[in-house]
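Chemist: Just one file: coords_24.csv, with CSV, C-alpha atoms and all ligand atoms.
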```csv
chain,number,residue,atom,x,y,z
A,20,MET,CA,137.9,54.9,20.6
A,21,GLN,CA,136.7,57.6,23.0
A,22,VAL,CA,136.5,57.0,26.8
A,23,LYS,CA,134.1,59.1,28.8
A,24,LYS,CA,133.8,58.6,32.6
A,25,VAL,CA,130.5,59.3,34.3
A,26,GLN,CA,130.5,59.5,38.1
A,27,PHE,CA,127.3,58.1,39.6
A,28,SER,CA,126.7,58.1,43.4
A,29,THR,CA,128.5,54.9,44.1
A,30,GLN,CA,130.4,54.1,41.0
A,31,ALA,CA,132.3,55.8,38.1
A,32,THR,CA,131.2,54.1,34.9
A,33,ALA,CA,133.6,54.2,31.9
A,34,PHE,CA,131.9,54.5,28.5
A,35,TYR,CA,134.1,53.1,25.7
A,36,PHE,CA,132.5,54.7,22.6
A,37,ASP,CA,133.4,53.8,19.1
A,38,ALA,CA,135.2,50.7,20.3
A,39,ALA,CA,135.9,47.3,18.7
A,40,PHE,CA,134.7,44.3,20.6
A,41,SER,CA,138.2,43.0,20.7
A,42,THR,CA,139.1,45.9,23.0
A,43,LEU,CA,137.3,44.1,25.8
A,44,LYS,CA,140.5,42.1,26.5
A,45,SER,CA,142.2,45.2,27.6
A,46,VAL,CA,139.3,46.2,29.8
A,47,VAL,CA,138.8,43.0,31.8
A,48,PRO,CA,141.1,40.0,32.3
A,49,GLN,CA,139.9,37.0,30.2
A,50,LYS,CA,140.6,34.5,33.0
A,51,ASN,CA,138.4,36.1,35.7
A,52,THR,CA,135.6,37.2,33.5
A,53,VAL,CA,132.4,35.5,32.4
A,54,LEU,CA,130.5,36.8,29.3
A,55,ILE,CA,126.7,36.4,29.7
A,56,THR,CA,124.8,36.5,26.4
A,57,ASP,CA,121.8,35.0,24.6
A,58,GLU,CA,121.4,32.3,22.0
A,59,HIS,CA,120.8,34.9,19.2
A,60,LEU,CA,124.1,36.7,19.8
A,61,ALA,CA,126.0,33.4,20.2
A,62,ALA,CA,124.7,32.3,16.8
A,63,ALA,CA,125.1,35.6,15.0
A,64,HIS,CA,128.6,36.4,16.4
A,65,PRO,CA,130.2,33.1,17.4
A,66,LYS,CA,133.8,34.4,16.9
A,67,ILE,CA,133.7,37.1,19.6
A,68,PHE,CA,133.1,34.6,22.3
A,69,LYS,CA,136.2,32.5,21.5
A,70,GLY,CA,138.6,32.2,24.4
A,71,TRP,CA,136.1,33.6,27.0
A,72,ASN,CA,134.1,31.8,29.8
A,73,THR,CA,130.6,32.2,28.4
A,74,ILE,CA,127.1,31.6,29.7
A,75,VAL,CA,124.4,31.5,27.0
A,76,LEU,CA,120.8,32.3,28.0
A,77,LYS,CA,117.6,31.6,26.0
A,78,ALA,CA,116.6,34.8,24.2
A,79,GLY,CA,113.5,36.8,25.1
A,80,GLU,CA,111.6,38.7,27.8
A,81,GLU,CA,110.0,35.4,29.0
A,82,TYR,CA,113.4,34.3,30.3
A,83,LYS,CA,114.0,37.5,32.3
A,84,VAL,CA,112.9,35.6,35.4
A,85,GLN,CA,114.2,34.1,38.6
A,86,ALA,CA,114.7,30.6,37.1
A,87,THR,CA,117.3,32.1,34.7
A,88,VAL,CA,119.0,33.9,37.6
A,89,ASP,CA,119.2,30.6,39.5
A,90,SER,CA,120.7,28.9,36.5
A,91,VAL,CA,123.3,31.6,35.9
A,92,ILE,CA,124.3,31.4,39.6
A,93,GLN,CA,124.6,27.6,39.4
A,94,GLN,CA,126.9,28.0,36.3
A,95,LEU,CA,129.0,30.6,38.1
A,96,ILE,CA,129.5,28.3,41.0
A,97,ALA,CA,130.4,25.4,38.7
A,98,MET,CA,133.0,27.7,37.1
A,99,HIS,CA,134.4,28.5,40.6
A,100,ALA,CA,133.8,32.2,40.1
A,101,ASP,CA,134.8,34.2,43.1
A,102,ARG,CA,134.6,37.9,44.2
A,103,THR,CA,137.5,38.9,41.9
A,104,TRP,CA,135.5,37.9,38.8
A,105,THR,CA,133.7,40.3,36.5
A,106,LEU,CA,130.4,39.5,34.7
A,107,VAL,CA,129.9,41.1,31.3
A,108,GLY,CA,126.5,41.2,29.7
A,109,ILE,CA,126.7,41.0,25.9
A,110,GLY,CA,123.2,41.5,24.5
A,111,GLY,CA,120.0,43.5,24.5
A,112,GLY,CA,118.2,44.9,27.5
A,113,VAL,CA,117.1,41.4,28.7
A,114,VAL,CA,120.7,40.2,29.0
A,115,THR,CA,122.0,43.4,30.5
A,116,ASP,CA,119.2,43.6,33.1
A,117,ILE,CA,119.8,40.0,34.1
A,118,THR,CA,123.6,40.3,34.2
A,119,GLY,CA,123.5,43.5,36.3
A,120,TYR,CA,121.0,41.8,38.7
A,121,VAL,CA,123.0,38.6,39.1
A,122,ALA,CA,126.2,40.6,39.6
A,123,SER,CA,124.6,42.7,42.3
A,124,ILE,CA,123.5,39.6,44.3
A,125,PHE,CA,126.1,36.9,43.5
A,126,LEU,CA,128.5,36.7,46.5
A,127,ARG,CA,126.8,39.9,47.7
A,128,GLY,CA,128.0,41.7,44.6
A,129,VAL,CA,130.7,41.4,42.0
A,130,LYS,CA,131.9,43.7,39.3
A,131,PHE,CA,130.1,43.9,36.0
A,132,GLY,CA,130.1,45.7,32.7
A,133,PHE,CA,128.0,45.6,29.5
A,134,VAL,CA,128.5,45.4,25.7
A,135,PRO,CA,125.0,46.4,24.6
A,136,THR,CA,124.1,44.9,21.2
A,137,THR,CA,120.6,46.3,20.4
A,138,LEU,CA,120.1,49.9,19.6
A,139,LEU,CA,117.7,50.1,22.5
A,140,ALA,CA,120.2,48.8,25.0
A,141,MET,CA,122.9,51.1,23.6
A,142,VAL,CA,120.9,54.3,24.1
A,143,ASP,CA,118.7,53.3,27.0
A,144,ALA,CA,118.5,49.9,28.8
A,145,ALA,CA,122.2,49.4,29.6
A,146,ILE,CA,122.5,52.9,31.1
A,147,GLY,CA,121.3,53.9,34.4
A,148,GLY,CA,121.9,51.0,36.8
A,149,LYS,CA,118.4,49.6,36.9
A,150,ASN,CA,118.8,45.9,36.9
A,151,GLY,CA,116.2,43.2,37.5
A,152,ILE,CA,113.7,40.6,36.4
A,153,ASP,CA,110.0,40.1,35.8
A,154,VAL,CA,107.7,38.3,38.2
A,155,GLY,CA,104.6,36.8,36.4
A,156,LEU,CA,102.9,39.5,34.6
A,157,TYR,CA,104.8,42.2,36.5
A,158,LYS,CA,107.7,43.7,34.6
A,159,ASN,CA,110.9,44.6,36.4
A,160,MET,CA,109.2,43.8,39.7
A,161,VAL,CA,112.4,42.7,41.5
A,162,GLY,CA,115.8,44.3,41.1
A,163,THR,CA,118.5,46.6,42.2
A,164,ILE,CA,120.0,49.9,41.3
A,165,SER,CA,123.8,49.5,40.8
A,166,GLN,CA,126.0,50.9,38.1
A,167,PRO,CA,128.2,48.9,35.8
A,168,GLN,CA,132.0,49.5,35.8
A,169,PHE,CA,131.9,50.0,32.0
A,170,LEU,CA,129.9,50.0,28.8
A,171,LEU,CA,131.6,49.1,25.6
A,172,TYR,CA,130.1,50.3,22.3
A,173,ASP,CA,130.7,48.5,19.1
A,174,VAL,CA,128.0,49.4,16.5
A,175,ALA,CA,129.3,46.7,14.1
A,176,LEU,CA,127.4,44.3,16.3
A,177,LEU,CA,124.2,45.9,15.1
A,178,LYS,CA,124.7,44.5,11.6
A,179,SER,CA,122.7,41.3,12.6
A,180,LEU,CA,119.9,43.2,14.4
A,181,PRO,CA,116.5,42.7,12.8
A,182,ASP,CA,114.8,45.8,11.5
A,183,ASN,CA,111.9,45.7,14.0
A,184,GLU,CA,114.6,45.9,16.8
A,185,TRP,CA,116.1,48.9,15.1
A,186,ARG,CA,112.7,50.7,15.1
A,187,ASN,CA,112.4,49.8,18.8
A,188,GLY,CA,115.6,51.6,19.5
A,189,PHE,CA,114.5,54.6,17.4
A,190,ALA,CA,111.4,55.0,19.5
A,191,GLU,CA,113.6,55.8,22.5
A,192,ILE,CA,115.9,58.0,20.4
A,193,ILE,CA,112.8,60.0,19.3
A,194,LYS,CA,111.7,60.2,22.9
A,195,HIS,CA,115.1,61.6,23.9
A,196,ALA,CA,114.9,64.2,21.1
A,197,ALA,CA,111.3,65.2,22.0
A,198,ILE,CA,112.0,65.7,25.7
A,199,LEU,CA,115.6,67.0,25.8
A,200,ASP,CA,117.1,67.9,22.5
A,201,ALA,CA,115.4,70.0,19.8
A,202,THR,CA,118.5,70.1,17.6
A,203,MET,CA,118.6,66.3,17.5
A,204,PHE,CA,114.9,66.3,16.7
A,205,LYS,CA,115.5,68.5,13.6
A,206,GLU,CA,118.4,66.2,12.5
A,207,LEU,CA,116.2,63.1,12.8
A,208,LEU,CA,113.5,64.8,10.7
A,209,GLU,CA,116.1,65.3,7.9
A,210,ARG,CA,117.1,61.6,8.0
A,211,ASN,CA,115.5,58.1,8.2
A,212,LEU,CA,116.2,54.6,9.5
A,213,ASP,CA,117.8,53.5,6.2
A,214,TYR,CA,120.3,56.4,6.4
A,215,PHE,CA,121.5,55.5,9.9
A,216,GLN,CA,121.7,51.8,9.0
A,217,ARG,CA,123.9,52.6,6.0
A,218,THR,CA,126.0,55.5,7.5
A,219,LYS,CA,128.2,54.2,10.3
A,220,PRO,CA,129.7,57.5,11.3
A,221,ALA,CA,126.3,59.1,11.7
A,222,LEU,CA,125.0,56.1,13.6
A,223,LYS,CA,128.0,56.2,16.0
A,224,LYS,CA,127.4,59.8,16.7
A,225,LEU,CA,123.7,59.3,17.2
A,226,VAL,CA,124.3,56.4,19.6
A,227,GLN,CA,126.9,58.4,21.6
A,228,ARG,CA,124.7,61.5,21.8
A,229,ASN,CA,121.8,59.5,23.1
A,230,ALA,CA,123.8,57.5,25.6
A,231,ALA,CA,125.3,60.7,26.9
A,232,LEU,CA,121.8,62.2,27.2
A,233,LYS,CA,120.5,59.3,29.2
A,234,ALA,CA,123.6,59.2,31.4
A,235,LYS,CA,123.3,62.9,32.1
A,236,VAL,CA,119.7,62.6,33.2
A,237,VAL,CA,120.5,59.6,35.4
A,238,LYS,CA,123.5,61.3,37.0
A,239,GLU,CA,121.4,64.3,37.9
A,240,ASP,CA,118.6,62.1,39.4
A,241,GLU,CA,119.8,58.5,39.9
A,242,PHE,CA,117.0,57.4,42.2
A,243,GLU,CA,114.1,58.9,40.0
A,244,LYS,CA,112.9,61.7,42.3
A,245,ASP,CA,112.7,64.3,39.6
A,246,LYS,CA,114.3,64.7,36.2
A,247,ARG,CA,114.6,61.0,35.5
A,248,ARG,CA,110.8,60.8,35.5
A,249,LEU,CA,110.9,62.7,32.1
A,250,LEU,CA,112.3,59.5,30.5
A,251,ASN,CA,108.9,58.0,31.1
A,252,PHE,CA,107.5,60.2,28.3
A,253,GLY,CA,105.2,58.0,26.2
A,254,HIS,CA,105.4,55.1,28.6
A,255,THR,CA,102.2,55.7,30.6
A,256,LEU,CA,99.7,54.9,27.9
A,257,GLY,CA,102.5,52.9,26.2
A,258,HIS,CA,102.7,50.3,29.0
A,259,ALA,CA,99.0,50.1,29.2
A,260,VAL,CA,98.6,49.2,25.5
A,261,GLU,CA,101.7,47.1,25.4
A,262,LYS,CA,100.4,44.8,28.1
A,263,GLN,CA,97.1,44.1,26.4
A,264,TYR,CA,98.0,43.9,22.7
A,265,SER,CA,101.2,42.2,21.7
A,266,LEU,CA,103.0,45.3,20.5
A,267,MET,CA,106.7,45.7,20.6
A,268,HIS,CA,107.8,48.1,23.3
A,269,GLY,CA,108.9,50.8,20.7
A,270,GLU,CA,105.5,50.6,19.0
A,271,ALA,CA,103.7,51.0,22.3
A,272,VAL,CA,105.9,53.9,23.4
A,273,SER,CA,105.3,55.6,20.0
A,274,ILE,CA,101.5,55.3,20.4
A,275,GLY,CA,102.0,56.7,24.0
A,276,MET,CA,104.2,59.6,22.7
A,277,ALA,CA,101.6,60.5,20.1
A,278,PHE,CA,98.9,60.5,22.8
A,279,ALA,CA,101.0,62.6,25.2
A,280,ALA,CA,101.6,65.1,22.4
A,281,LYS,CA,97.8,65.4,21.9
A,282,LEU,CA,97.3,65.8,25.6
A,283,SER,CA,100.2,68.4,25.6
A,284,ALA,CA,98.4,70.4,22.8
A,285,GLU,CA,95.2,70.4,24.8
A,286,MET,CA,96.7,71.2,28.3
A,287,LEU,CA,99.8,73.2,27.5
A,288,LYS,CA,99.1,74.6,24.0
A,289,PHE,CA,102.0,72.5,22.7
A,290,LYS,CA,102.5,73.3,19.0
A,291,GLY,CA,104.6,70.4,17.8
A,292,GLN,CA,102.1,67.6,17.8
A,293,GLU,CA,102.1,67.1,14.1
A,294,LYS,CA,105.9,67.3,13.9
A,295,LEU,CA,106.3,64.6,16.5
A,296,THR,CA,103.7,62.2,14.9
A,297,ASP,CA,105.4,62.8,11.5
A,298,LEU,CA,108.8,61.9,12.9
A,299,ILE,CA,107.5,58.8,14.6
A,300,ASP,CA,105.8,57.7,11.3
A,301,GLN,CA,109.0,58.5,9.4
A,302,TYR,CA,110.9,55.9,11.4
A,303,GLY,CA,108.3,53.2,10.7
A,304,LEU,CA,106.6,53.4,14.0
A,305,PRO,CA,102.8,53.6,14.7
A,306,VAL,CA,101.1,56.7,16.2
A,307,ALA,CA,97.7,55.2,16.9
A,308,ALA,CA,96.1,51.8,17.6
A,309,GLY,CA,92.5,50.7,17.7
A,310,TYR,CA,92.5,49.7,21.4
A,311,ASP,CA,89.6,49.1,23.8
A,312,LYS,CA,89.5,52.5,25.6
A,313,GLN,CA,88.0,51.2,28.8
A,314,LYS,CA,90.3,48.2,29.1
A,315,VAL,CA,93.4,50.3,28.5
A,316,PHE,CA,92.2,53.0,30.9
A,317,ASP,CA,91.7,50.3,33.6
A,318,VAL,CA,95.3,49.3,33.3
A,319,LEU,CA,96.5,52.9,33.1
A,320,VAL,CA,95.0,53.7,36.5
A,321,SER,CA,97.1,51.0,38.1
A,322,ASP,CA,100.3,52.9,36.9
A,323,LYS,CA,102.6,53.9,39.7
A,324,LYS,CA,102.5,57.5,38.6
A,325,ARG,CA,98.8,57.8,39.7
A,326,GLU,CA,98.1,59.9,42.8
A,327,GLY,CA,94.4,59.5,43.7
A,328,GLU,CA,92.2,60.9,41.0
A,329,GLN,CA,95.2,62.4,39.2
A,330,MET,CA,98.1,61.1,37.2
A,331,ASN,CA,101.6,62.5,37.0
A,332,PHE,CA,101.9,62.7,33.2
A,333,ILE,CA,105.0,63.7,31.2
A,334,LEU,CA,103.9,66.4,28.7
A,335,LEU,CA,105.8,68.6,26.2
A,336,GLU,CA,105.8,72.4,26.5
A,337,ARG,CA,107.8,72.5,23.3
A,338,ILE,CA,110.0,70.1,21.3
A,339,GLY,CA,113.0,69.5,23.6
A,340,LYS,CA,111.3,70.6,26.8
A,341,ALA,CA,109.2,68.1,28.8
A,342,VAL,CA,107.5,68.7,32.1
A,343,VAL,CA,105.6,66.6,34.7
A,344,LYS,CA,102.0,67.7,35.2
A,345,LYS,CA,99.2,66.3,37.3
A,346,ILE,CA,96.3,65.5,35.0
A,347,PRO,CA,92.8,64.5,36.2
A,348,LEU,CA,92.1,60.9,35.2
A,349,GLN,CA,88.8,61.9,33.7
A,350,GLU,CA,90.7,64.3,31.4
A,351,ILE,CA,92.9,61.5,30.2
A,352,TYR,CA,89.9,59.2,29.6
A,353,LYS,CA,88.2,62.0,27.6
A,354,MET,CA,91.3,62.4,25.4
A,355,MET,CA,91.9,58.7,24.7
B,401,LIG,N1,117.3,48.8,32.9
B,401,LIG,C1,116.7,49.7,32.3
B,401,LIG,O1,116.8,50.9,32.6
B,401,LIG,C2,115.9,49.4,31.1
B,401,LIG,C3,115.4,50.4,30.2
B,401,LIG,C4,114.7,50.1,29.1
B,401,LIG,C5,114.4,48.7,28.8
B,401,LIG,N2,114.9,47.8,29.7
B,401,LIG,C6,114.6,46.3,29.5
B,401,LIG,O2,115.2,46.0,28.2
B,401,LIG,C7,114.5,44.9,27.7
B,401,LIG,C8,114.3,45.2,26.2
B,401,LIG,O3,115.6,45.3,25.6
B,401,LIG,P1,115.8,44.9,24.1
B,401,LIG,O4,114.8,45.6,23.3
B,401,LIG,O5,117.3,45.1,23.8
B,401,LIG,O6,115.4,43.4,24.1
B,401,LIG,P2,116.2,42.0,24.0
B,401,LIG,O7,117.3,41.9,24.9
B,401,LIG,O8,115.1,41.0,24.2
B,401,LIG,O9,116.7,42.0,22.5
B,401,LIG,C9,115.8,41.9,21.5
B,401,LIG,C10,116.1,40.7,20.5
B,401,LIG,O10,117.2,41.0,19.7
B,401,LIG,C11,118.2,40.0,19.8
B,401,LIG,N3,119.5,40.6,19.6
B,401,LIG,C12,120.1,41.4,20.5
B,401,LIG,N4,121.2,41.9,19.9
B,401,LIG,C13,121.3,41.4,18.7
B,401,LIG,C14,122.2,41.5,17.6
B,401,LIG,N5,123.2,42.4,17.6
B,401,LIG,N6,121.9,40.8,16.5
B,401,LIG,C15,120.8,40.0,16.4
B,401,LIG,N7,119.9,39.9,17.4
B,401,LIG,C16,120.2,40.5,18.5
B,401,LIG,C17,117.9,39.3,21.2
B,401,LIG,O11,118.4,38.0,21.2
B,401,LIG,C18,116.4,39.4,21.2
B,401,LIG,O12,115.8,38.4,20.5
B,401,LIG,C19,113.2,44.7,28.5
B,401,LIG,O13,113.3,43.6,29.3
B,401,LIG,C20,113.2,46.0,29.3
B,401,LIG,O14,112.5,45.9,30.5
B,401,LIG,C21,115.6,48.1,30.8
```
Now, as a test, write the supplied structure out as structure tokens.
Modeler:
Amino acid sequence: MQVKKVQFSTQATAFYFDAAFSTLKSVVPQKNTVLITDEHLAAAHPKIFKGWNTIVLKAGEEYKVQATVDSVIQQLIAMHADRTWTLVGIGGGVVTDITGYVASIFLRGVKFGFVPTTLLAMVDAAIGGKNGIDVGLYKNMVGTISQPQFLLYDVALLKSLPDNEWRNGFAEIIKHAAILDATMFKELLERNLDYFQRTKPALKKLVQRNAALKAKVVKEDEFEKDKRRLLNFGHTLGHAVEKQYSLMHGEAVSIGMAFAAKLSAEMLKFKGQEKLTDLIDQYGLPVAAGYDKQKVFDVLVSDKKREGEQMNFILLERIGKAVVKKIPLQEIYKMM
């Protein structure tokens, strides 16, 4: 196990990399801790929950809502949880978002930590302190920014993760490589999903490297004024297509990254468009979709990165170097 501490503005977060789930006992006291998980994890890994106070949520984004928060709080009250207790989210981004949010508001804030169990949560969702829930059609409409005390990484938990969820995680890994890390980009090109699923040491290294990349960006810009915005690469068009067609988040982001690469080639003479689309394709993710251009554009203009007739778009100057550029909406429409 390796422990890395990252100091955020209000909290130092300990990252326990290459850990076994059983280590959790030495991180938090079992008596004053509640594990919050979802039904898929509880079914796939029943043994790990033995001996712990546990709250099991229904799985899926549709349950990332206030009703679930209310239900968790009722269960915490029934367990007589007090300010000394710690909540630990064991799951994908839905569970970690809800756990972080409940912990930030229950008794005006109690300690919390995460054991991310999807690749996406390990490299992205569980890191950075954004916690919250959806309201109707609006994703992450309500929430807080508060950092967990710790994240514990046990890649053995990924054994039960379905393949489409692995690909979802790889979309964010490819994003990190494209915007921040040309060396990792090259390494990903030399490998594929099957390799990382079969080769635990390589997977552990990849997860740790991506978690560290995300933590570093967040540390430099916790409240998303500057560098953290780069993490939105592929997400502008991605969100617009994801909302209208039932695509997985990773698929939508991949389509968005391919589009941003095309825009980068046009606006910044970016040379790596083909390399990026090849890499996305190599990990079983789509680079295009037959969407209704006008419909998608209408959603895209409601994006919070729009400023009047222009959109702050994340583009690539080269592989490993992203920039924010103001692009006229008409130019975006033309390129779609
Ligand atoms: N807070 C942030 O900064 C941030 C960043 C990115 C995404 N998110 C949020 O994360 C969520 C998406 O996260 P996700 O993709 O992890 O989704 P998720 O939590 O819904 O997990 C995906 C599916 O995998 C199942 N699962 C999880 N771990 C498993 C395992 N080890 N074995 C078998 N099944 C398992 C879950 O039950 C679920 O069905 C979204 O709500 C998104 O808004 C948050």
Chemist: At a cut-off of 12 Å, can you tabulate as JSON lines every residue of region 199-243 of chain A near region 302-315 of chain A together with its closest atom pair and the distance in Å to one decimal, using all atoms listed in the file and ordering rows by chain then number?
Modeler:
```
{"residue": "A:Leu207", "atom": "CA", "partner": "A:Tyr302", "partner_atom": "CA", "distance": 9.0}
{"residue": "A:Leu208", "atom": "CA", "partner": "A:Tyr302", "partner_atom": "CA", "distance": 9.3}
{"residue": "A:Glu209", "atom": "CA", "partner": "A:Tyr302", "partner_atom": "CA", "distance": 11.3}
{"residue": "A:Arg210", "atom": "CA", "partner": "A:Tyr302", "partner_atom": "CA", "distance": 9.1}
{"residue": "A:Asn211", "atom": "CA", "partner": "A:Tyr302", "partner_atom": "CA", "distance": 6.0}
{"residue": "A:Leu212", "atom": "CA", "partner": "A:Tyr302", "partner_atom": "CA", "distance": 5.8}
{"residue": "A:Asp213", "atom": "CA", "partner": "A:Tyr302", "partner_atom": "CA", "distance": 9.0}
{"residue": "A:Tyr214", "atom": "CA", "partner": "A:Tyr302", "partner_atom": "CA", "distance": 10.7}
{"residue": "A:Phe215", "atom": "CA", "partner": "A:Tyr302", "partner_atom": "CA", "distance": 10.7}
{"residue": "A:Gln216", "atom": "CA", "partner": "A:Tyr302", "partner_atom": "CA", "distance": 11.8}
```
Chemist: Which residue, A:Val25, A:Leu43, A:Phe36, A:Ser165, has the smallest gap to ligand LIG 401 (chain B) when you use all atoms listed in the file?
Modeler: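 Of the candidates, the smallest distance to ligand LIG 401 (chain B) is held by A:Ser165.
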Chemist: Kindly give the distance, in Å, that separates CA of Gln30 (chain A) and CA of Ala140 (chain A), rounded to a single decimal.
Modeler: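 Calculated distance between CA of Gln30 (chain A) and CA of Ala140 (chain A) is 19.7 Å.
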Chemist: Show me, as a tab-separated table, the residues of chain A having an atom within 6 Å of ligand LIG 401 (chain B), each with the closest atom pair and its distance in Å, using all atoms listed in the file.
Modeler:
```
residue	atom	partner	partner_atom	distance
A:Asp57	CA	B:LIG401	O11	5.7
A:His59	CA	B:LIG401	O11	4.4
A:Leu60	CA	B:LIG401	C13	5.6
A:Ala78	CA	B:LIG401	O11	4.7
A:Gly79	CA	B:LIG401	O8	4.6
A:Glu80	CA	B:LIG401	O13	5.4
A:Gly110	CA	B:LIG401	N4	5.0
A:Gly111	CA	B:LIG401	O7	3.2
A:Gly112	CA	B:LIG401	O3	3.2
A:Val113	CA	B:LIG401	O7	3.8
A:Val114	CA	B:LIG401	O7	5.6
A:Asp116	CA	B:LIG401	N1	5.5
A:Thr136	CA	B:LIG401	N4	4.4
A:Thr137	CA	B:LIG401	N4	4.5
A:Leu139	CA	B:LIG401	O5	5.2
A:Ala140	CA	B:LIG401	O5	4.9
A:Asp143	CA	B:LIG401	C3	5.4
A:Ala144	CA	B:LIG401	C3	3.4
A:Ala145	CA	B:LIG401	N1	5.9
A:Gly147	CA	B:LIG401	O1	5.7
A:Lys149	CA	B:LIG401	N1	4.2
A:Asn150	CA	B:LIG401	N1	5.2
A:Leu176	CA	B:LIG401	N5	4.8
A:Leu177	CA	B:LIG401	N5	4.4
A:Ser179	CA	B:LIG401	N6	4.0
A:Leu180	CA	B:LIG401	N6	3.8
```
Chemist: Could you list, as a PyMOL selection string, every residue within 12 Å of Ala277 (chain A), counting all atoms listed in the file and ignoring same-chain residues fewer than 2 positions away?
Modeler: chain A and resi 190+193-194+197+252-257+270-275+279-284+291-300+304-308+334-335+354-355
Chemist: Have a look at CA of Tyr157 (chain A) and CA of Tyr264 (chain A) and let me know their distance in Å, one decimal.
Modeler: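 For CA of Tyr157 (chain A) relative to CA of Tyr264 (chain A), the distance reads 15.5 Å.
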Chemist: Between CA of Arg337 (chain A) and CA of Lys290 (chain A), what is the distance in Å, rounded to a tenth?
Modeler: 6.9 Å
Chemist: Do a neighbour search on Ala259 (chain A) at 8 Å with all atoms listed in the file, toss out local chain neighbours closer than 5 positions, and write the hits as JSON, numbers by chain.
Modeler: {"A": [315, 316, 318, 319]}
Chemist: Take the residues from that selection and put them in a file with C-alpha atoms, as an mmCIF file, keeping the file's coordinate frame.
Modeler:
```
data_model
loop_
_atom_site.group_PDB
_atom_site.id
_atom_site.type_symbol
_atom_site.label_atom_id
_atom_site.label_comp_id
_atom_site.auth_asym_id
_atom_site.auth_seq_id
_atom_site.Cartn_x
_atom_site.Cartn_y
_atom_site.Cartn_z
ATOM 1 C CA VAL A 315 93.400 50.300 28.500
ATOM 2 C CA PHE A 316 92.200 53.000 30.900
ATOM 3 C CA VAL A 318 95.300 49.300 33.300
ATOM 4 C CA LEU A 319 96.500 52.900 33.100
#
```
Chemist: Could you pull out every residue with an atom within 10 Å of (126.6, 45.7, 43.6), file coordinates, counting all atoms listed in the file, and send them as a PyMOL selection string?
Modeler: chain A and resi 29-30+119-131+148+163-167
